[in-house]
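What follows is a short report on a single structure.
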Amino acid sequence: MIQIARLLATLIFFSLITAVNAVASGYEATEEDFVRWENAWDSLIPPGAYDFVPKDFYFELLFNPTFQSQLDEAGRVINPLLEGQSIEIAGFMVPIEVRGEKVSQFLLVPEAGQCIHVPPPPLNQTLLVDTTTIPTPLRDLYQPIIVSGRLSVGTQSFEIADSGYSLVAAEITTLNLGEEMIPVVPGADGDR
């Protein structure tokens, strides 16, 4: 009986170590994953929102005040058809509410450094993730994560950015990417 108890204790111990290593090591993405996540970000932008951008886009257009105004307006358009839809999307954590090493609310943005070192992304590319019921570990600004949950459409304002969507019933997984694969906004590499 004692040997069975030791065997069970050993099996439980190794099961826990395996589970901890799986969580610590995160998720290894495939090409299909990247396509799915890119499509998820694209789905947050309603069809036609950026139809005004000419196909023969030229650099000087970026400095045109009318064009800038149109870009700003298009970035505020959210997709009401996504209400209640499940989504899996990869991005970067910008903490809003932190207690110790746990985060109960954060913004999910498509590129590392947004909101902190450079201006925030458009409203329709910023998601509020609420993990109040089960706070998630704080991640580095440049650590990509995968978030799955149900979308709620509606704007919310915070000191550092506004969000067009909220994710509830969220699951968060660390995404393993080499540093060369992490999308960083130019000028946003901060203290990296």
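In the structure tokens, chains take letters A, B, ... by order of appearance, with residues numbered from 1 within each chain and ligands from 1 in the order shown.
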
task: Give me the residues within 9 Å of A:Asn176 as a ChimeraX atom specification, counting only C-alpha atoms and dropping any in the same chain fewer than 5 places off.
output: /A:25-29,143-145

Same residues, C-alpha atoms, output as a PDB file, in the first residue's frame:
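Done, and the output landed in part-v9.pdb:
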ATOM      1  CA  SER A  25       6.674  27.367 -22.331  1.00  0.00           C
ATOM      2  CA  GLY A  26       3.537  28.773 -23.960  1.00  0.00           C
ATOM      3  CA  TYR A  27       2.201  28.044 -27.410  1.00  0.00           C
ATOM      4  CA  GLU A  28       4.228  27.407 -30.556  1.00  0.00           C
ATOM      5  CA  ALA A  29       2.355  28.994 -33.477  1.00  0.00           C
ATOM      6  CA  GLN A 143       5.556  39.153 -24.817  1.00  0.00           C
ATOM      7  CA  PRO A 144       2.858  38.149 -27.314  1.00  0.00           C
ATOM      8  CA  ILE A 145      -0.234  36.410 -25.980  1.00  0.00           C
TER       9      ILE A 145
END

message: Write out as a ChimeraX atom specification the set of residues from stretch 9-180 of chain A that DSSP, computed on the backbone, places in alpha helix (DSSP H).
response: /A:9-25,31-43,65-75

message: Residues within 8 Å of stretch 164-170 of chain A, please, as a PyMOL selection string. Count only C-alpha atoms; anything in the same chain fewer than 6 positions from it doesn't count.
response: chain A and resi 76+78+123-131+147-156

Writer output for current selection, N, CA and C atoms, as a compact mmCIF listing (two decimals), in the first residue's frame:
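Heads up, here's the output in out.txt:
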# COMPACT_ATOMS: atom_id res chain seq x y z
N ARG A 76 -12.49 54.86 -35.79
CA ARG A 76 -13.50 54.87 -34.73
C ARG A 76 -14.72 54.02 -35.07
N ILE A 78 -16.70 50.71 -35.45
CA ILE A 78 -16.61 49.35 -34.94
C ILE A 78 -17.68 48.49 -35.63
N LEU A 123 -9.39 52.80 -32.37
CA LEU A 123 -10.40 52.22 -31.49
C LEU A 123 -10.81 50.82 -31.95
N ASN A 124 -10.94 50.63 -33.27
CA ASN A 124 -11.38 49.34 -33.78
C ASN A 124 -10.25 48.31 -33.84
N GLN A 125 -9.11 48.63 -33.29
CA GLN A 125 -7.99 47.69 -33.20
C GLN A 125 -7.50 47.59 -31.75
N THR A 126 -8.36 47.93 -30.81
CA THR A 126 -8.02 47.89 -29.38
C THR A 126 -9.14 47.18 -28.64
N LEU A 127 -8.77 46.13 -27.90
CA LEU A 127 -9.75 45.35 -27.14
C LEU A 127 -9.47 45.45 -25.65
N LEU A 128 -10.52 45.66 -24.86
CA LEU A 128 -10.40 45.58 -23.42
C LEU A 128 -10.62 44.12 -23.03
N VAL A 129 -9.68 43.54 -22.30
CA VAL A 129 -9.82 42.17 -21.83
C VAL A 129 -10.00 42.24 -20.32
N ASP A 130 -11.12 41.69 -19.87
CA ASP A 130 -11.45 41.71 -18.45
C ASP A 130 -11.24 40.32 -17.86
N THR A 131 -10.26 40.22 -16.96
CA THR A 131 -9.97 38.95 -16.29
C THR A 131 -10.16 39.12 -14.78
N VAL A 147 -5.47 35.44 -26.87
CA VAL A 147 -6.65 35.63 -26.03
C VAL A 147 -7.86 35.06 -26.76
N SER A 148 -8.62 34.26 -26.05
CA SER A 148 -9.86 33.69 -26.58
C SER A 148 -10.99 34.12 -25.68
N GLY A 149 -12.14 34.44 -26.29
CA GLY A 149 -13.29 34.82 -25.48
C GLY A 149 -14.44 35.28 -26.34
N ARG A 150 -15.44 35.85 -25.69
CA ARG A 150 -16.63 36.33 -26.37
C ARG A 150 -16.55 37.85 -26.48
N LEU A 151 -16.80 38.36 -27.67
CA LEU A 151 -16.72 39.80 -27.92
C LEU A 151 -17.98 40.53 -27.48
N SER A 152 -17.76 41.69 -26.95
CA SER A 152 -18.83 42.64 -26.66
C SER A 152 -18.45 43.92 -27.38
N VAL A 153 -19.38 44.47 -28.15
CA VAL A 153 -19.11 45.67 -28.94
C VAL A 153 -19.53 46.90 -28.15
N GLY A 154 -18.63 47.84 -28.01
CA GLY A 154 -18.93 49.08 -27.30
C GLY A 154 -17.65 49.76 -26.87
N THR A 155 -17.64 51.07 -26.94
CA THR A 155 -16.42 51.82 -26.63
C THR A 155 -16.27 52.05 -25.13
N GLN A 156 -15.02 52.06 -24.71
CA GLN A 156 -14.66 52.41 -23.35
C GLN A 156 -13.40 53.26 -23.42

message: Report, in Å with one decimal, the straight-line distance from atom CA of A:Ile45 to atom CA of A:Val118.
response: 21.0 Å

- request: State, in Å with one decimal place, the distance from atom CA of A:Thr174 to atom CA of A:Ile87.
  value: 16.3 Å

task: Could you tell me, as a PyMOL selection string, which residues of stretch 70-158 of chain A DSSP assigns to strand (DSSP E) when given the backbone?
output: chain A and resi 86-99+102-109+127-130+136-137+144-157

Would you mind exporting C-alpha atoms of the selected residues as a PDB file, in the first residue's frame?
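What follows is the written file out_34.pdb:
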ATOM      1  CA  SER A  86     -16.289  34.005 -30.043  1.00  0.00           C
ATOM      2  CA  ILE A  87     -12.820  35.037 -31.127  1.00  0.00           C
ATOM      3  CA  GLU A  88      -9.227  33.901 -30.753  1.00  0.00           C
ATOM      4  CA  ILE A  89      -6.723  36.664 -31.367  1.00  0.00           C
ATOM      5  CA  ALA A  90      -3.023  37.228 -30.692  1.00  0.00           C
ATOM      6  CA  GLY A  91      -1.561  40.528 -29.580  1.00  0.00           C
ATOM      7  CA  PHE A  92       0.167  42.350 -26.759  1.00  0.00           C
ATOM      8  CA  MET A  93      -0.926  43.193 -23.223  1.00  0.00           C
ATOM      9  CA  VAL A  94      -1.119  46.809 -22.094  1.00  0.00           C
ATOM     10  CA  PRO A  95      -2.061  46.560 -18.393  1.00  0.00           C
ATOM     11  CA  ILE A  96      -4.875  48.738 -17.077  1.00  0.00           C
ATOM     12  CA  GLU A  97      -5.518  47.256 -13.631  1.00  0.00           C
ATOM     13  CA  VAL A  98      -2.662  45.444 -11.851  1.00  0.00           C
ATOM     14  CA  ARG A  99      -2.406  44.027  -8.345  1.00  0.00           C
ATOM     15  CA  LYS A 102      -1.674  39.790 -11.525  1.00  0.00           C
ATOM     16  CA  VAL A 103      -3.627  41.736 -14.148  1.00  0.00           C
ATOM     17  CA  SER A 104      -7.411  41.994 -13.958  1.00  0.00           C
ATOM     18  CA  GLN A 105      -7.897  44.319 -16.945  1.00  0.00           C
ATOM     19  CA  PHE A 106      -5.719  45.060 -19.935  1.00  0.00           C
ATOM     20  CA  LEU A 107      -5.880  46.336 -23.468  1.00  0.00           C
ATOM     21  CA  LEU A 108      -4.957  43.931 -26.234  1.00  0.00           C
ATOM     22  CA  VAL A 109      -3.207  45.664 -29.133  1.00  0.00           C
ATOM     23  CA  LEU A 127      -9.755  45.353 -27.143  1.00  0.00           C
ATOM     24  CA  LEU A 128     -10.399  45.577 -23.417  1.00  0.00           C
ATOM     25  CA  VAL A 129      -9.815  42.174 -21.825  1.00  0.00           C
ATOM     26  CA  ASP A 130     -11.448  41.710 -18.446  1.00  0.00           C
ATOM     27  CA  THR A 136      -3.817  36.598 -15.316  1.00  0.00           C
ATOM     28  CA  PRO A 137      -0.070  36.880 -14.717  1.00  0.00           C
ATOM     29  CA  PRO A 144       2.858  38.149 -27.314  1.00  0.00           C
ATOM     30  CA  ILE A 145      -0.234  36.410 -25.980  1.00  0.00           C
ATOM     31  CA  ILE A 146      -3.254  34.618 -27.392  1.00  0.00           C
ATOM     32  CA  VAL A 147      -6.647  35.635 -26.028  1.00  0.00           C
ATOM     33  CA  SER A 148      -9.858  33.692 -26.583  1.00  0.00           C
ATOM     34  CA  GLY A 149     -13.286  34.822 -25.477  1.00  0.00           C
ATOM     35  CA  ARG A 150     -16.629  36.327 -26.371  1.00  0.00           C
ATOM     36  CA  LEU A 151     -16.719  39.799 -27.924  1.00  0.00           C
ATOM     37  CA  SER A 152     -18.832  42.637 -26.659  1.00  0.00           C
ATOM     38  CA  VAL A 153     -19.110  45.667 -28.940  1.00  0.00           C
ATOM     39  CA  GLY A 154     -18.931  49.077 -27.296  1.00  0.00           C
ATOM     40  CA  THR A 155     -16.422  51.820 -26.632  1.00  0.00           C
ATOM     41  CA  GLN A 156     -14.657  52.406 -23.350  1.00  0.00           C
ATOM     42  CA  SER A 157     -12.163  55.134 -22.527  1.00  0.00           C
TER      43      SER A 157
END
